[in-house]
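Asks: Could you have a look at this structure, given as C-alpha coordinates, before my questions?
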Amino acid sequence: MRPAAFVITAMLSTWVLADCGRKRIPLSLLIAWTLGTLLFPFIIFPLYLIFLIALRNRKKPGEIKSDDESIPVNADAQHFETELAPRRWLRLLPIAYLISLLSFGALRYISDYRSVDAHLARATHARLLRDREKTIREYRAALSLSDDAHTHYLLGIELEEAARWQEALTEFRAAESAGEPDAELPFHLGTILYALNLRDEAAEEFRKFLSGPLCSQTPPDARCSATKRRD
(Lines give C-alpha, C1' and ligand atoms only; values in the text may rest on other atoms or scores of the structure.)
Protein backbone atom coordinates (compact mmCIF):
# COMPACT_ATOMS: atom_id res chain seq x y z
CA MET A 1 0.00 0.00 0.00
CA ARG A 2 2.84 2.42 0.72
CA PRO A 3 4.24 2.49 -2.85
CA ALA A 4 0.72 2.92 -4.26
CA ALA A 5 0.01 5.77 -1.84
CA PHE A 6 3.29 7.43 -2.80
CA VAL A 7 2.48 7.24 -6.53
CA ILE A 8 -0.97 8.77 -5.98
CA THR A 9 0.50 11.54 -3.84
CA ALA A 10 3.18 12.25 -6.45
CA MET A 11 0.54 12.51 -9.18
CA LEU A 12 -1.59 14.89 -7.09
CA SER A 13 1.44 17.06 -6.35
CA THR A 14 2.35 17.10 -10.06
CA TRP A 15 -1.20 18.09 -11.02
CA VAL A 16 -1.06 20.97 -8.53
CA LEU A 17 2.27 22.08 -10.00
CA ALA A 18 0.91 22.00 -13.56
CA ASP A 19 -2.30 23.76 -12.57
CA CYS A 20 -0.44 26.52 -10.74
CA GLY A 21 1.74 27.01 -13.82
CA ARG A 22 -1.28 27.34 -16.12
CA LYS A 23 -2.86 29.90 -13.82
CA ARG A 24 0.42 31.84 -13.53
CA ILE A 25 0.30 31.71 -9.73
CA PRO A 26 3.32 33.43 -8.11
CA LEU A 27 6.38 31.21 -7.73
CA SER A 28 6.35 31.25 -3.93
CA LEU A 29 2.74 30.05 -3.84
CA LEU A 30 3.46 27.48 -6.57
CA ILE A 31 6.24 25.95 -4.49
CA ALA A 32 4.16 26.04 -1.31
CA TRP A 33 1.12 24.36 -2.88
CA THR A 34 3.21 21.73 -4.70
CA LEU A 35 5.42 20.69 -1.79
CA GLY A 36 2.54 20.98 0.66
CA THR A 37 0.49 18.55 -1.39
CA LEU A 38 3.42 16.15 -1.54
CA LEU A 39 4.11 16.23 2.19
CA PHE A 40 0.57 16.67 3.57
CA PRO A 41 -1.82 15.57 0.80
CA PHE A 42 -4.89 15.07 3.00
CA ILE A 43 -4.62 18.63 4.32
CA ILE A 44 -3.11 20.76 1.55
CA PHE A 45 -4.81 19.27 -1.50
CA PRO A 46 -8.37 19.97 -0.23
CA LEU A 47 -7.24 23.49 0.71
CA TYR A 48 -5.91 23.96 -2.82
CA LEU A 49 -9.28 22.96 -4.28
CA ILE A 50 -10.94 25.53 -2.02
CA PHE A 51 -8.35 28.07 -3.20
CA LEU A 52 -9.28 27.32 -6.84
CA ILE A 53 -12.96 27.86 -6.13
CA ALA A 54 -12.22 31.19 -4.43
CA LEU A 55 -9.95 32.20 -7.32
CA ARG A 56 -12.62 31.40 -9.88
CA ASN A 57 -15.24 33.43 -8.02
CA ARG A 58 -12.93 36.49 -8.07
CA LYS A 59 -12.47 36.52 -11.86
CA LYS A 60 -13.62 39.69 -13.61
CA PRO A 61 -16.62 39.55 -15.93
CA GLY A 62 -14.51 40.99 -18.77
CA GLU A 63 -12.17 37.96 -18.84
CA ILE A 64 -12.56 34.73 -20.74
CA LYS A 65 -10.92 31.45 -19.79
CA SER A 66 -8.58 29.61 -22.11
CA ASP A 67 -6.77 26.31 -21.62
CA ASP A 68 -3.72 28.04 -20.19
CA GLU A 69 -4.96 31.06 -18.27
CA SER A 70 -7.51 33.86 -18.14
CA ILE A 71 -6.91 36.11 -21.16
CA PRO A 72 -8.31 39.65 -21.36
CA VAL A 73 -10.71 40.03 -24.32
CA ASN A 74 -8.99 43.15 -25.59
CA ALA A 75 -5.39 41.94 -24.97
CA ASP A 76 -2.88 42.47 -27.73
CA ALA A 77 -1.71 39.03 -29.05
CA GLN A 78 1.93 39.98 -29.44
CA HIS A 79 2.12 41.52 -25.98
CA PHE A 80 0.41 38.41 -24.55
CA GLU A 81 2.93 36.02 -26.16
CA THR A 82 5.82 38.12 -24.80
CA GLU A 83 4.30 38.08 -21.34
CA LEU A 84 3.72 34.33 -21.46
CA ALA A 85 7.20 33.40 -22.72
CA PRO A 86 8.97 33.26 -19.34
CA ARG A 87 6.37 30.73 -18.17
CA ARG A 88 6.73 28.27 -21.06
CA TRP A 89 9.29 26.24 -19.10
CA LEU A 90 6.52 25.37 -16.65
CA ARG A 91 4.98 23.12 -19.28
CA LEU A 92 7.93 20.73 -19.06
CA LEU A 93 8.54 21.17 -15.35
CA PRO A 94 5.64 18.91 -14.18
CA ILE A 95 6.92 16.03 -16.34
CA ALA A 96 10.45 16.37 -15.00
CA TYR A 97 9.09 16.74 -11.46
CA LEU A 98 6.97 13.57 -11.71
CA ILE A 99 9.81 11.53 -13.22
CA SER A 100 12.15 12.70 -10.44
CA LEU A 101 9.64 11.83 -7.71
CA LEU A 102 8.88 8.38 -9.10
CA SER A 103 12.58 7.63 -9.59
CA PHE A 104 13.36 8.66 -6.02
CA GLY A 105 10.44 6.62 -4.69
CA ALA A 106 11.43 3.53 -6.69
CA LEU A 107 15.01 3.66 -5.41
CA ARG A 108 13.81 4.16 -1.85
CA TYR A 109 11.32 1.30 -1.88
CA ILE A 110 13.72 -1.09 -3.62
CA SER A 111 16.31 -0.30 -0.94
CA ASP A 112 13.70 -0.76 1.79
CA TYR A 113 12.53 -4.08 0.28
CA ARG A 114 16.07 -5.45 0.49
CA SER A 115 16.78 -4.21 4.03
CA VAL A 116 17.27 -6.39 7.12
CA ASP A 117 14.02 -5.20 8.66
CA ALA A 118 12.09 -6.06 5.49
CA HIS A 119 13.51 -9.61 5.44
CA LEU A 120 12.65 -10.07 9.13
CA ALA A 121 9.14 -8.76 8.56
CA ARG A 122 8.59 -11.17 5.68
CA ALA A 123 10.00 -14.01 7.78
CA THR A 124 7.52 -13.22 10.56
CA HIS A 125 4.66 -13.08 8.08
CA ALA A 126 5.70 -16.38 6.48
CA ARG A 127 5.92 -17.97 9.92
CA LEU A 128 2.35 -16.92 10.69
CA LEU A 129 1.31 -18.55 7.40
CA ARG A 130 3.27 -21.70 8.36
CA ASP A 131 5.48 -21.35 5.30
CA ARG A 132 8.64 -22.73 6.89
CA GLU A 133 10.83 -22.73 3.78
CA LYS A 134 10.16 -19.08 3.07
CA THR A 135 10.74 -18.26 6.75
CA ILE A 136 14.14 -19.97 6.67
CA ARG A 137 15.02 -18.27 3.39
CA GLU A 138 14.18 -14.80 4.71
CA TYR A 139 16.14 -15.33 7.94
CA ARG A 140 19.17 -16.42 5.91
CA ALA A 141 18.79 -13.33 3.70
CA ALA A 142 18.68 -11.11 6.80
CA LEU A 143 21.80 -12.79 8.17
CA SER A 144 23.63 -12.17 4.90
CA LEU A 145 23.16 -8.45 5.57
CA SER A 146 23.62 -8.41 9.34
CA ASP A 147 25.16 -11.14 11.51
CA ASP A 148 22.76 -10.90 14.45
CA ALA A 149 22.63 -13.31 17.38
CA HIS A 150 18.85 -13.31 17.74
CA THR A 151 18.33 -13.89 14.02
CA HIS A 152 20.59 -16.95 14.28
CA TYR A 153 18.46 -18.07 17.21
CA LEU A 154 15.17 -17.62 15.33
CA LEU A 155 16.56 -19.45 12.30
CA GLY A 156 17.74 -22.26 14.58
CA ILE A 157 14.20 -22.69 15.96
CA GLU A 158 12.78 -23.02 12.44
CA LEU A 159 15.43 -25.57 11.48
CA GLU A 160 14.83 -27.49 14.70
CA GLU A 161 11.10 -27.67 14.01
CA ALA A 162 11.93 -28.96 10.52
CA ALA A 163 14.15 -31.67 12.10
CA ARG A 164 17.22 -30.33 10.30
CA TRP A 165 19.34 -31.01 13.35
CA GLN A 166 22.84 -30.26 12.12
CA GLU A 167 21.84 -26.95 10.53
CA ALA A 168 19.90 -26.00 13.65
CA LEU A 169 22.90 -26.85 15.84
CA THR A 170 25.12 -24.60 13.73
CA GLU A 171 22.71 -21.67 14.08
CA PHE A 172 22.24 -22.13 17.83
CA ARG A 173 25.99 -22.30 18.36
CA ALA A 174 26.38 -19.10 16.33
CA ALA A 175 23.70 -17.44 18.48
CA GLU A 176 25.41 -18.64 21.65
CA SER A 177 28.81 -17.36 20.49
CA ALA A 178 27.30 -13.98 19.64
CA GLY A 179 25.78 -13.64 23.12
CA GLU A 180 22.12 -14.53 22.59
CA PRO A 181 20.51 -14.00 26.06
CA ASP A 182 17.37 -16.12 25.62
CA ALA A 183 17.16 -18.55 28.55
CA GLU A 184 15.60 -21.24 26.31
CA LEU A 185 18.76 -21.56 24.20
CA PRO A 186 20.35 -24.34 26.35
CA PHE A 187 17.10 -26.32 26.12
CA HIS A 188 17.11 -26.12 22.32
CA LEU A 189 20.79 -27.08 22.21
CA GLY A 190 20.18 -30.02 24.53
CA THR A 191 17.23 -31.23 22.45
CA ILE A 192 19.25 -31.14 19.24
CA LEU A 193 22.31 -32.80 20.76
CA TYR A 194 20.06 -35.51 22.20
CA ALA A 195 18.54 -36.07 18.74
CA LEU A 196 22.07 -36.34 17.29
CA ASN A 197 22.84 -39.00 19.94
CA LEU A 198 25.41 -36.77 21.66
CA ARG A 199 24.08 -37.59 25.12
CA ASP A 200 26.91 -36.20 27.25
CA GLU A 201 26.84 -32.82 25.54
CA ALA A 202 23.05 -32.83 25.70
CA ALA A 203 23.13 -33.50 29.46
CA GLU A 204 25.45 -30.54 29.96
CA GLU A 205 23.08 -28.21 28.09
CA PHE A 206 20.08 -29.54 30.00
CA ARG A 207 21.85 -28.81 33.28
CA LYS A 208 22.41 -25.23 32.10
CA PHE A 209 18.72 -24.95 31.36
CA LEU A 210 17.72 -26.39 34.75
CA SER A 211 19.97 -23.90 36.56
CA GLY A 212 18.62 -21.01 34.53
CA PRO A 213 15.88 -18.50 35.40
CA LEU A 214 13.06 -20.46 33.75
CA CYS A 215 13.43 -23.38 36.16
CA SER A 216 14.18 -21.29 39.26
CA GLN A 217 11.08 -19.12 38.92
CA THR A 218 7.75 -19.83 40.59
CA PRO A 219 6.06 -21.67 39.03
CA PRO A 220 8.86 -23.19 36.93
CA ASP A 221 8.65 -23.66 33.18
CA ALA A 222 6.61 -26.73 32.19
CA ARG A 223 9.65 -28.23 30.42
CA CYS A 224 11.77 -28.32 33.57
CA SER A 225 10.31 -31.52 35.03
CA ALA A 226 10.65 -33.37 31.73
CA THR A 227 14.21 -32.12 31.38
CA LYS A 228 15.11 -33.44 34.85
CA ARG A 229 13.88 -36.91 33.92
CA ARG A 230 15.81 -36.81 30.66
CA ASP A 231 18.96 -35.57 32.40
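Chain labels run A, B, ... following the order of the C-alpha coordinates; each chain numbers its residues from 1, and ligands are numbered from 1 in the order shown.
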Skipping near chain neighbours, those fewer than 5 positions away, what residues fall within 12 Å of A:His125 using only C-alpha atoms, listed as a ChimeraX atom specification?

Replies: /A:118-120,130-132,134-136,138-139

Asks: Generate a file of the selected residues that holds N, CA and C atoms, formatted as a PDB file, in the first residue's frame.

Replies:
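Output contents, as saved in out-v5.pdb:
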ATOM      1  N   ALA A 118      13.078  -5.532   6.436  1.00  0.00           N
ATOM      2  CA  ALA A 118      12.091  -6.063   5.488  1.00  0.00           C
ATOM      3  C   ALA A 118      12.166  -7.589   5.445  1.00  0.00           C
ATOM      4  N   HIS A 119      13.374  -8.150   5.435  1.00  0.00           N
ATOM      5  CA  HIS A 119      13.510  -9.610   5.439  1.00  0.00           C
ATOM      6  C   HIS A 119      12.938 -10.209   6.724  1.00  0.00           C
ATOM      7  N   LEU A 120      13.194  -9.564   7.856  1.00  0.00           N
ATOM      8  CA  LEU A 120      12.653 -10.070   9.126  1.00  0.00           C
ATOM      9  C   LEU A 120      11.135  -9.978   9.154  1.00  0.00           C
ATOM     10  N   ARG A 130       2.700 -20.358   8.271  1.00  0.00           N
ATOM     11  CA  ARG A 130       3.272 -21.698   8.361  1.00  0.00           C
ATOM     12  C   ARG A 130       4.043 -22.082   7.095  1.00  0.00           C
ATOM     13  N   ASP A 131       4.638 -21.099   6.469  1.00  0.00           N
ATOM     14  CA  ASP A 131       5.482 -21.345   5.303  1.00  0.00           C
ATOM     15  C   ASP A 131       6.933 -21.408   5.794  1.00  0.00           C
ATOM     16  N   ARG A 132       7.346 -22.599   6.226  1.00  0.00           N
ATOM     17  CA  ARG A 132       8.645 -22.729   6.888  1.00  0.00           C
ATOM     18  C   ARG A 132       9.803 -22.464   5.940  1.00  0.00           C
ATOM     19  N   LYS A 134      10.002 -20.511   3.307  1.00  0.00           N
ATOM     20  CA  LYS A 134      10.161 -19.075   3.072  1.00  0.00           C
ATOM     21  C   LYS A 134      10.704 -18.392   4.333  1.00  0.00           C
ATOM     22  N   THR A 135      10.244 -18.833   5.500  1.00  0.00           N
ATOM     23  CA  THR A 135      10.739 -18.255   6.749  1.00  0.00           C
ATOM     24  C   THR A 135      12.244 -18.456   6.873  1.00  0.00           C
ATOM     25  N   ILE A 136      12.697 -19.677   6.605  1.00  0.00           N
ATOM     26  CA  ILE A 136      14.137 -19.968   6.674  1.00  0.00           C
ATOM     27  C   ILE A 136      14.903 -19.136   5.653  1.00  0.00           C
ATOM     28  N   GLU A 138      14.124 -16.225   4.347  1.00  0.00           N
ATOM     29  CA  GLU A 138      14.177 -14.801   4.710  1.00  0.00           C
ATOM     30  C   GLU A 138      15.138 -14.560   5.878  1.00  0.00           C
ATOM     31  N   TYR A 139      15.176 -15.474   6.840  1.00  0.00           N
ATOM     32  CA  TYR A 139      16.137 -15.330   7.939  1.00  0.00           C
ATOM     33  C   TYR A 139      17.574 -15.416   7.413  1.00  0.00           C
TER      34      TYR A 139
END

Asks: Work out how far atom CA of A:Tyr48 is from atom CA of A:Cys20, in Å to one decimal.

Replies: 10.0 Å

Asks: Can you list every residue in chain A that DSSP puts in helix (DSSP H, G or I), as a PyMOL selection string?

Replies: chain A and resi 2-22+27-39+41-57+77-91+93-113+116-128+132-145+149-161+165-177+185-195+199-210+213-216+223-230
